[in-house]
file run-v7.pdb (PDB, C-alpha atoms)
MODEL        1
ATOM      1  CA  MET A1389     -14.073  32.829 -26.019
ATOM      2  CA  LEU A1390     -16.536  35.427 -27.249
ATOM      3  CA  ALA A1391     -15.857  37.442 -30.381
ATOM      4  CA  ALA A1392     -14.948  41.118 -29.811
ATOM      5  CA  GLY A1393     -18.104  42.461 -31.555
ATOM      6  CA  VAL A1394     -20.622  40.419 -29.501
ATOM      7  CA  GLY A1395     -22.849  42.525 -27.209
ATOM      8  CA  VAL A1396     -23.140  42.422 -23.417
ATOM      9  CA  GLN A1397     -26.435  40.478 -23.595
ATOM     10  CA  SER A1398     -24.720  37.630 -25.437
ATOM     11  CA  GLU A1399     -21.950  37.601 -22.844
ATOM     12  CA  ARG A1400     -24.530  37.254 -20.050
ATOM     13  CA  LEU A1401     -26.241  34.386 -21.865
ATOM     14  CA  ALA A1402     -22.912  32.697 -22.501
ATOM     15  CA  GLY A1403     -22.066  33.088 -18.788
ATOM     16  CA  ARG A1404     -25.372  31.442 -17.846
ATOM     17  CA  ARG A1405     -24.728  28.626 -20.273
ATOM     18  CA  ARG A1406     -21.320  28.078 -18.758
ATOM     19  CA  LYS A1407     -22.822  27.964 -15.277
ATOM     20  CA  MET A1408     -25.469  25.480 -16.377
ATOM     21  CA  ALA A1409     -22.862  23.259 -17.971
ATOM     22  CA  VAL A1410     -20.913  23.145 -14.708
ATOM     23  CA  GLU A1411     -23.865  22.138 -12.534
ATOM     24  CA  SER A1412     -23.765  18.549 -11.377
ATOM     25  CA  ARG A1413     -26.464  16.222 -10.163
ATOM     26  CA  VAL A1414     -24.221  13.614  -8.549
ATOM     27  CA  THR A1415     -26.053  11.527  -5.961
ATOM     28  CA  GLN A1416     -24.621  10.430  -2.625
ATOM     29  CA  GLU A1417     -24.616   6.819  -3.838
ATOM     30  CA  GLU A1418     -22.441   7.739  -6.819
ATOM     31  CA  ILE A1419     -20.005   9.571  -4.557
ATOM     32  CA  LYS A1420     -19.703   6.519  -2.304
ATOM     33  CA  LYS A1421     -19.024   4.283  -5.326
ATOM     34  CA  GLU A1422     -16.047   6.358  -6.469
ATOM     35  CA  PRO A1423     -12.883   4.283  -6.189
ATOM     36  CA  GLU A1424     -10.112   5.445  -3.895
ATOM     37  CA  LYS A1425      -7.509   7.552  -5.597
ATOM     38  CA  PRO A1426      -4.302   5.546  -5.927
ATOM     39  CA  ILE A1427      -1.386   6.812  -3.862
ATOM     40  CA  ASP A1428       1.987   7.110  -5.555
ATOM     41  CA  ARG A1429       4.272   5.808  -2.824
ATOM     42  CA  GLU A1430       7.315   7.149  -4.665
ATOM     43  CA  LYS A1431       6.008  10.727  -4.495
ATOM     44  CA  THR A1432       3.843  10.716  -1.347
ATOM     45  CA  CYS A1433       5.429  11.081   2.071
ATOM     46  CA  PRO A1434       4.428   8.240   4.439
ATOM     47  CA  LEU A1435       2.575   8.904   7.677
ATOM     48  CA  LEU A1436       3.561   7.726  11.136
ATOM     49  CA  LEU A1437       1.051   5.102  12.250
ATOM     50  CA  ARG A1438       1.059   4.493  16.000
ATOM     51  CA  VAL A1439      -0.040   0.894  16.543
ATOM     52  CA  PHE A1440      -0.873  -0.677  19.915
ATOM     53  CA  THR A1441      -1.141  -4.439  20.227
ATOM     54  CA  THR A1442      -2.386  -6.959  22.748
ATOM     55  CA  ASN A1443      -1.876 -10.715  22.595
ATOM     56  CA  ASN A1444      -4.941 -11.677  24.650
ATOM     57  CA  GLY A1445      -7.509 -11.223  21.879
ATOM     58  CA  ARG A1446      -8.997  -8.056  23.419
ATOM     59  CA  HIS A1447      -8.480  -4.413  22.523
ATOM     60  CA  HIS A1448      -7.024  -1.939  24.989
ATOM     61  CA  ARG A1449      -9.436  -0.130  27.302
ATOM     62  CA  MET A1450     -10.103   3.469  26.300
ATOM     63  CA  ASP A1451      -8.923   4.724  29.694
ATOM     64  CA  GLU A1452      -5.436   3.478  28.741
ATOM     65  CA  PHE A1453      -5.366   6.310  26.176
ATOM     66  CA  SER A1454      -6.495   9.035  28.579
ATOM     67  CA  ARG A1455      -4.672  12.085  29.915
ATOM     68  CA  GLY A1456      -1.914  11.945  27.325
ATOM     69  CA  ASN A1457      -1.011   8.346  28.162
ATOM     70  CA  VAL A1458      -0.858   5.459  25.732
ATOM     71  CA  PRO A1459      -0.387   1.719  26.262
ATOM     72  CA  SER A1460       3.219   0.539  26.441
ATOM     73  CA  SER A1461       2.937  -1.956  23.567
ATOM     74  CA  GLU A1462       3.499   0.635  20.846
ATOM     75  CA  LEU A1463       4.802  -0.044  17.354
ATOM     76  CA  GLN A1464       5.600   2.878  15.087
ATOM     77  CA  ILE A1465       5.075   2.120  11.413
ATOM     78  CA  TYR A1466       5.683   4.460   8.511
ATOM     79  CA  THR A1467       3.062   3.710   5.891
ATOM     80  CA  TRP A1468       0.486   5.247   3.554
ATOM     81  CA  MET A1469      -3.279   5.679   3.680
ATOM     82  CA  ASP A1470      -3.682   2.893   1.111
ATOM     83  CA  ALA A1471      -2.022   0.334   3.408
ATOM     84  CA  THR A1472      -4.165  -2.799   3.617
ATOM     85  CA  LEU A1473      -4.936  -4.764   6.756
ATOM     86  CA  LYS A1474      -2.995  -7.708   5.293
ATOM     87  CA  GLU A1475       0.028  -5.460   4.697
ATOM     88  CA  LEU A1476      -0.156  -4.164   8.283
ATOM     89  CA  THR A1477      -0.530  -7.756   9.539
ATOM     90  CA  SER A1478       2.718  -8.743   7.827
ATOM     91  CA  LEU A1479       4.544  -5.776   9.399
ATOM     92  CA  VAL A1480       3.308  -6.757  12.873
ATOM     93  CA  LYS A1481       4.383 -10.372  12.271
ATOM     94  CA  GLU A1482       7.929  -9.148  11.523
ATOM     95  CA  VAL A1483       8.126  -7.712  15.051
ATOM     96  CA  TYR A1484       6.260 -10.493  16.906
ATOM     97  CA  PRO A1485       7.484 -13.918  15.717
ATOM     98  CA  GLU A1486       4.833 -15.722  17.828
ATOM     99  CA  ALA A1487       2.148 -14.013  15.691
ATOM    100  CA  ARG A1488       3.477 -15.753  12.561
ATOM    101  CA  LYS A1489       1.804 -19.051  13.462
ATOM    102  CA  LYS A1490      -0.878 -20.130  11.045
ATOM    103  CA  GLY A1491      -4.298 -19.352  12.456
ATOM    104  CA  THR A1492      -3.273 -16.314  14.513
ATOM    105  CA  HIS A1493      -6.167 -13.829  14.410
ATOM    106  CA  PHE A1494      -5.659 -10.033  14.135
ATOM    107  CA  ASN A1495      -8.609  -7.776  14.967
ATOM    108  CA  PHE A1496      -8.117  -4.124  13.924
ATOM    109  CA  ALA A1497      -9.705  -1.027  15.451
ATOM    110  CA  ILE A1498      -9.185   2.698  14.970
ATOM    111  CA  VAL A1499      -8.871   4.700  18.182
ATOM    112  CA  PHE A1500      -9.758   8.354  17.674
ATOM    113  CA  THR A1501     -10.478  11.488  19.686
ATOM    114  CA  ASP A1502     -14.120  11.869  20.684
ATOM    115  CA  LEU A1503     -15.176  15.340  19.553
ATOM    116  CA  LYS A1504     -18.312  15.374  21.748
ATOM    117  CA  ARG A1505     -16.694  14.617  25.108
ATOM    118  CA  PRO A1506     -13.183  14.233  26.521
ATOM    119  CA  GLY A1507     -11.416  10.999  25.718
ATOM    120  CA  TYR A1508     -11.259   8.515  22.899
ATOM    121  CA  ARG A1509     -13.618   6.297  20.945
ATOM    122  CA  VAL A1510     -12.954   3.048  19.152
ATOM    123  CA  LYS A1511     -14.235   1.672  15.856
ATOM    124  CA  GLU A1512     -13.556  -1.926  14.861
ATOM    125  CA  ILE A1513     -12.678  -2.041  11.183
ATOM    126  CA  GLY A1514     -11.823  -5.630  10.280
ATOM    127  CA  SER A1515      -9.710  -8.689  10.884
ATOM    128  CA  THR A1516      -7.115 -10.911   9.243
ATOM    129  CA  MET A1517      -5.683 -14.341   9.965
ATOM    130  CA  SER A1518      -2.162 -15.681   9.443
ATOM    131  CA  GLY A1519      -2.003 -18.248   6.693
ATOM    132  CA  ARG A1520      -5.551 -17.650   5.416
ATOM    133  CA  LYS A1521      -7.165 -15.278   2.965
ATOM    134  CA  GLY A1522     -10.056 -13.220   4.250
ATOM    135  CA  THR A1523     -12.599 -10.659   3.114
ATOM    136  CA  ASP A1524     -10.944  -7.831   5.081
ATOM    137  CA  ASP A1525      -7.409  -8.447   3.748
ATOM    138  CA  SER A1526      -7.632  -5.720   1.087
ATOM    139  CA  MET A1527      -9.376  -3.152   3.309
ATOM    140  CA  THR A1528      -7.352   0.081   3.540
ATOM    141  CA  LEU A1529      -6.954   2.694   6.241
ATOM    142  CA  GLN A1530      -8.348   5.267   3.830
ATOM    143  CA  SER A1531     -11.487   3.219   3.139
ATOM    144  CA  GLN A1532     -12.219   3.134   6.878
ATOM    145  CA  LYS A1533     -11.944   6.919   7.287
ATOM    146  CA  PHE A1534      -8.658   6.719   9.198
ATOM    147  CA  GLN A1535      -7.263  10.200   9.813
ATOM    148  CA  ILE A1536      -3.668  11.141  10.481
ATOM    149  CA  GLY A1537      -3.335  11.339  14.272
ATOM    150  CA  ASP A1538      -5.649   8.388  14.962
ATOM    151  CA  TYR A1539      -4.209   5.258  16.568
ATOM    152  CA  LEU A1540      -4.553   1.661  15.415
ATOM    153  CA  ASP A1541      -5.280  -0.968  18.063
ATOM    154  CA  ILE A1542      -4.715  -4.606  17.105
ATOM    155  CA  ALA A1543      -6.009  -7.426  19.283
ATOM    156  CA  ILE A1544      -3.947 -10.528  18.477
ATOM    157  CA  THR A1545      -5.397 -13.932  19.304
ATOM    158  CA  PRO A1546      -3.064 -16.956  19.151
ATOM    159  CA  PRO A1547      -4.201 -20.004  17.151
ATOM    160  CA  ASN A1548      -6.600 -22.450  18.832
ATOM    161  CA  ARG A1549      -8.000 -19.697  21.043
ATOM    162  CA  ALA A1550     -11.271 -18.273  19.806
ATOM    163  CA  PRO A1551     -11.200 -14.499  19.333
ATOM    164  CA  PRO A1552     -13.846 -12.549  21.228
ATOM    165  CA  PRO A1553     -17.037 -11.971  19.230
ATOM    166  CA  SER A1554     -16.738  -9.091  16.775
ATOM    167  CA  GLY A1555     -18.183  -5.821  17.980
ATOM    168  CA  ARG A1556     -17.570  -6.698  21.614
ATOM    169  CA  MET A1557     -15.077  -4.545  23.404
ATOM    170  CA  ARG A1558     -13.805  -4.646  26.924
ATOM    171  CA  PRO A1559     -15.749  -2.030  28.938
ATOM    172  CA  TYR A1560     -13.970   1.263  29.528
TER     173      TYR A1560
ENDMDL
END
call {"tool": "encode", "arguments": {"input": "run-v7.pdb", "output": "structure tokens"}}
result
Amino acid sequence: MLAAGVGVQSERLAGRRRKMAVESRVTQEEIKKEPEKPIDREKTCPLLLRVFTTNNGRHHRMDEFSRGNVPSSELQIYTWMDATLKELTSLVKEVYPEARKKGTHFNFAIVFTDLKRPGYRVKEIGSTMSGRKGTDDSMTLQSQKFQIGDYLDIAITPPNRAPPPSGRMRPY
């Protein structure tokens, strides 16, 4: 606070100083390195995550999401943006006992509205495997830019059947 007897010129200088002190020179790299803010699950309302699964190791075709339709294999999960792929894997395994077998592969993709043309786009985000630790286990929805309203598509591959190569999707 400025003293009552200080002139207008001093107030202008003090205002400039305040503005200079607020300026930030944060680089894009530093922004990207910021850790995710933890979510208090006791105080934060969960979101409805619409999950679609296949058990043939391939993701759904994008035309299956067109004109207001969705695939029939829908699971509705209430969760938070900090849900990990491993956590989501365990929830899917509760519903599909055959997916509990060691070596079952889960390939995750976000299905989202394409803003440039009608329809949907897909982005593969990671994979997990029953009974094994993996590098994508701790990946969160938030870290992959999931937005409320997006869908999650999980291609489940039974053990002893090789999953399709990553990045390859069935044509749509």
call {"tool": "closest_residue", "arguments": {"input": "run-v7.pdb", "among": "A:Met1517, A:Ile1542, A:Leu1473, A:Val1510", "to": "Phe1496 of chain A", "atoms": "all atoms listed in the file"}}
result
A:Ile1542
call {"tool": "resolve_selection", "arguments": {"input": "run-v7.pdb", "expression": "the PyMOL selection byres ((chain A and resi 1436-1440) around 6)", "output": "short mmCIF file (atom, residue, chain, number, x, y, z; two decimals) with C-alpha atoms, in the coordinates of the input"}}
result
data_model
loop_
_atom_site.label_atom_id
_atom_site.label_comp_id
_atom_site.auth_asym_id
_atom_site.auth_seq_id
_atom_site.Cartn_x
_atom_site.Cartn_y
_atom_site.Cartn_z
CA LEU A 1435 2.58 8.90 7.68
CA THR A 1441 -1.14 -4.44 20.23
CA SER A 1461 2.94 -1.96 23.57
CA GLU A 1462 3.50 0.64 20.85
CA LEU A 1463 4.80 -0.04 17.35
CA GLN A 1464 5.60 2.88 15.09
CA ILE A 1465 5.08 2.12 11.41
CA TYR A 1466 5.68 4.46 8.51
CA TYR A 1539 -4.21 5.26 16.57
CA LEU A 1540 -4.55 1.66 15.42
CA ASP A 1541 -5.28 -0.97 18.06
#
call {"tool": "resolve_selection", "arguments": {"input": "run-v7.pdb", "expression": "the PyMOL selection byres ((chain A and resi 1469) around 10)", "output": "PDB file with C-alpha atoms, in the coordinates of the input"}}
result
ATOM      1  CA  PRO A1426      -4.302   5.546  -5.927  1.00  0.00           C
ATOM      2  CA  ILE A1427      -1.386   6.812  -3.862  1.00  0.00           C
ATOM      3  CA  ARG A1429       4.272   5.808  -2.824  1.00  0.00           C
ATOM      4  CA  PRO A1434       4.428   8.240   4.439  1.00  0.00           C
ATOM      5  CA  LEU A1435       2.575   8.904   7.677  1.00  0.00           C
ATOM      6  CA  LEU A1437       1.051   5.102  12.250  1.00  0.00           C
ATOM      7  CA  THR A1467       3.062   3.710   5.891  1.00  0.00           C
ATOM      8  CA  TRP A1468       0.486   5.247   3.554  1.00  0.00           C
ATOM      9  CA  ASP A1470      -3.682   2.893   1.111  1.00  0.00           C
ATOM     10  CA  ALA A1471      -2.022   0.334   3.408  1.00  0.00           C
ATOM     11  CA  THR A1472      -4.165  -2.799   3.617  1.00  0.00           C
ATOM     12  CA  THR A1528      -7.352   0.081   3.540  1.00  0.00           C
ATOM     13  CA  LEU A1529      -6.954   2.694   6.241  1.00  0.00           C
ATOM     14  CA  GLN A1530      -8.348   5.267   3.830  1.00  0.00           C
ATOM     15  CA  SER A1531     -11.487   3.219   3.139  1.00  0.00           C
ATOM     16  CA  GLN A1532     -12.219   3.134   6.878  1.00  0.00           C
ATOM     17  CA  LYS A1533     -11.944   6.919   7.287  1.00  0.00           C
ATOM     18  CA  PHE A1534      -8.658   6.719   9.198  1.00  0.00           C
ATOM     19  CA  GLN A1535      -7.263  10.200   9.813  1.00  0.00           C
ATOM     20  CA  ILE A1536      -3.668  11.141  10.481  1.00  0.00           C
TER      21      ILE A1536
END
call {"tool": "closest_residue", "arguments": {"input": "run-v7.pdb", "among": "A:Thr1432, A:Thr1545, A:Phe1500, A:Lys1489", "to": "Gly1519 of chain A", "atoms": "all atoms listed in the file"}}
result
A:Lys1489
call {"tool": "resolve_selection", "arguments": {"input": "run-v7.pdb", "expression": "the PyMOL selection byres ((chain A and resi 1495) around 7)", "output": "list in words"}}
result
His1493, Phe1494, Phe1496, Ala1497, Gly1514, Ser1515, Thr1516, Ile1542, Ala1543 and Ile1544 of chain A
call {"tool": "atom_distance", "arguments": {"input": "run-v7.pdb", "atom1": "atom CA of Glu1482 of chain A", "atom2": "atom CA of Met1450 of chain A"}}
result
26.5 Å
call {"tool": "closest_residue", "arguments": {"input": "run-v7.pdb", "among": "A:Leu1479, A:Pro1485, A:Ser1526, A:Ile1498", "to": "Ile1513 of chain A", "atoms": "all atoms listed in the file"}}
result
A:Ile1498
call {"tool": "atom_distance", "arguments": {"input": "run-v7.pdb", "atom1": "atom CA of Leu1476 of chain A", "atom2": "atom CA of Gly1456 of chain A"}}
result
25.0 Å
call {"tool": "atom_distance", "arguments": {"input": "run-v7.pdb", "atom1": "atom CA of Met1527 of chain A", "atom2": "atom CA of Cys1433 of chain A"}}
result
20.6 Å
call {"tool": "residues_around", "arguments": {"input": "run-v7.pdb", "residues": "Glu1486 of chain A", "least_positions_apart": "2", "cutoff": "12 Å", "atoms": "all atoms listed in the file", "output": "list in words"}}
result
Asn1443, Val1480, Lys1481, Glu1482, Val1483, Tyr1484, Arg1488, Lys1489, Lys1490, Gly1491, Thr1492, His1493, Ser1518, Ile1544, Thr1545, Pro1546 and Pro1547 of chain A
call {"tool": "closest_residue", "arguments": {"input": "run-v7.pdb", "among": "A:His1447, A:Lys1474, A:Asp1525, A:Thr1442", "to": "Ser1460 of chain A", "atoms": "only C-alpha atoms"}}
result
A:Thr1442
call {"tool": "closest_residue", "arguments": {"input": "run-v7.pdb", "among": "A:Thr1501, A:Glu1430, A:Ala1487, A:Gly1537", "to": "Gly1445 of chain A", "atoms": "all atoms listed in the file"}}
result
A:Ala1487
call {"tool": "build_atoms", "arguments": {"input": "run-v7.pdb", "residues": "segment 1517-1537 of chain A", "atoms": "N, CA and C atoms", "output": "PDB file, in the frame of the given file"}}
result
ATOM      1  N   MET A1517      -6.178 -13.140   9.313  1.00  0.00           N
ATOM      2  CA  MET A1517      -5.683 -14.341   9.965  1.00  0.00           C
ATOM      3  C   MET A1517      -4.420 -14.820   9.252  1.00  0.00           C
ATOM      4  N   SER A1518      -3.411 -15.170  10.024  1.00  0.00           N
ATOM      5  CA  SER A1518      -2.162 -15.681   9.443  1.00  0.00           C
ATOM      6  C   SER A1518      -2.428 -16.977   8.686  1.00  0.00           C
ATOM      7  N   GLY A1519      -1.913 -17.027   7.476  1.00  0.00           N
ATOM      8  CA  GLY A1519      -2.003 -18.248   6.693  1.00  0.00           C
ATOM      9  C   GLY A1519      -3.330 -18.463   5.982  1.00  0.00           C
ATOM     10  N   ARG A1520      -4.251 -17.514   6.082  1.00  0.00           N
ATOM     11  CA  ARG A1520      -5.551 -17.650   5.416  1.00  0.00           C
ATOM     12  C   ARG A1520      -5.947 -16.342   4.753  1.00  0.00           C
ATOM     13  N   LYS A1521      -6.637 -16.472   3.627  1.00  0.00           N
ATOM     14  CA  LYS A1521      -7.165 -15.278   2.965  1.00  0.00           C
ATOM     15  C   LYS A1521      -8.510 -14.943   3.582  1.00  0.00           C
ATOM     16  N   GLY A1522      -8.800 -13.647   3.665  1.00  0.00           N
ATOM     17  CA  GLY A1522     -10.056 -13.220   4.250  1.00  0.00           C
ATOM     18  C   GLY A1522     -10.646 -12.034   3.515  1.00  0.00           C
ATOM     19  N   THR A1523     -11.900 -11.743   3.813  1.00  0.00           N
ATOM     20  CA  THR A1523     -12.599 -10.659   3.114  1.00  0.00           C
ATOM     21  C   THR A1523     -12.059  -9.282   3.477  1.00  0.00           C
ATOM     22  N   ASP A1524     -11.448  -9.138   4.653  1.00  0.00           N
ATOM     23  CA  ASP A1524     -10.944  -7.831   5.081  1.00  0.00           C
ATOM     24  C   ASP A1524      -9.486  -7.594   4.691  1.00  0.00           C
ATOM     25  N   ASP A1525      -8.836  -8.565   4.075  1.00  0.00           N
ATOM     26  CA  ASP A1525      -7.409  -8.447   3.748  1.00  0.00           C
ATOM     27  C   ASP A1525      -7.085  -7.186   2.945  1.00  0.00           C
ATOM     28  N   SER A1526      -7.936  -6.850   1.979  1.00  0.00           N
ATOM     29  CA  SER A1526      -7.632  -5.720   1.087  1.00  0.00           C
ATOM     30  C   SER A1526      -8.224  -4.397   1.571  1.00  0.00           C
ATOM     31  N   MET A1527      -8.828  -4.384   2.747  1.00  0.00           N
ATOM     32  CA  MET A1527      -9.376  -3.152   3.309  1.00  0.00           C
ATOM     33  C   MET A1527      -8.231  -2.199   3.626  1.00  0.00           C
ATOM     34  N   THR A1528      -8.411  -0.904   3.304  1.00  0.00           N
ATOM     35  CA  THR A1528      -7.352   0.081   3.540  1.00  0.00           C
ATOM     36  C   THR A1528      -7.717   1.014   4.688  1.00  0.00           C
ATOM     37  N   LEU A1529      -6.714   1.681   5.217  1.00  0.00           N
ATOM     38  CA  LEU A1529      -6.954   2.694   6.241  1.00  0.00           C
ATOM     39  C   LEU A1529      -7.863   3.785   5.691  1.00  0.00           C
ATOM     40  N   GLN A1530      -7.581   4.204   4.474  1.00  0.00           N
ATOM     41  CA  GLN A1530      -8.348   5.267   3.830  1.00  0.00           C
ATOM     42  C   GLN A1530      -9.820   4.886   3.700  1.00  0.00           C
ATOM     43  N   SER A1531     -10.094   3.653   3.334  1.00  0.00           N
ATOM     44  CA  SER A1531     -11.487   3.219   3.139  1.00  0.00           C
ATOM     45  C   SER A1531     -12.268   3.205   4.447  1.00  0.00           C
ATOM     46  N   GLN A1532     -11.565   3.166   5.567  1.00  0.00           N
ATOM     47  CA  GLN A1532     -12.219   3.134   6.878  1.00  0.00           C
ATOM     48  C   GLN A1532     -12.196   4.494   7.562  1.00  0.00           C
ATOM     49  N   LYS A1533     -11.927   5.533   6.788  1.00  0.00           N
ATOM     50  CA  LYS A1533     -11.944   6.919   7.287  1.00  0.00           C
ATOM     51  C   LYS A1533     -10.887   7.188   8.361  1.00  0.00           C
ATOM     52  N   PHE A1534      -9.780   6.454   8.298  1.00  0.00           N
ATOM     53  CA  PHE A1534      -8.658   6.719   9.198  1.00  0.00           C
ATOM     54  C   PHE A1534      -8.148   8.121   8.914  1.00  0.00           C
ATOM     55  N   GLN A1535      -7.826   8.863   9.971  1.00  0.00           N
ATOM     56  CA  GLN A1535      -7.263  10.200   9.813  1.00  0.00           C
ATOM     57  C   GLN A1535      -5.896  10.240  10.481  1.00  0.00           C
ATOM     58  N   ILE A1536      -4.989  11.004   9.892  1.00  0.00           N
ATOM     59  CA  ILE A1536      -3.668  11.141  10.481  1.00  0.00           C
ATOM     60  C   ILE A1536      -3.838  11.666  11.906  1.00  0.00           C
ATOM     61  N   GLY A1537      -3.200  11.005  12.863  1.00  0.00           N
ATOM     62  CA  GLY A1537      -3.335  11.339  14.272  1.00  0.00           C
ATOM     63  C   GLY A1537      -4.133  10.296  15.036  1.00  0.00           C
TER      64      GLY A1537
END
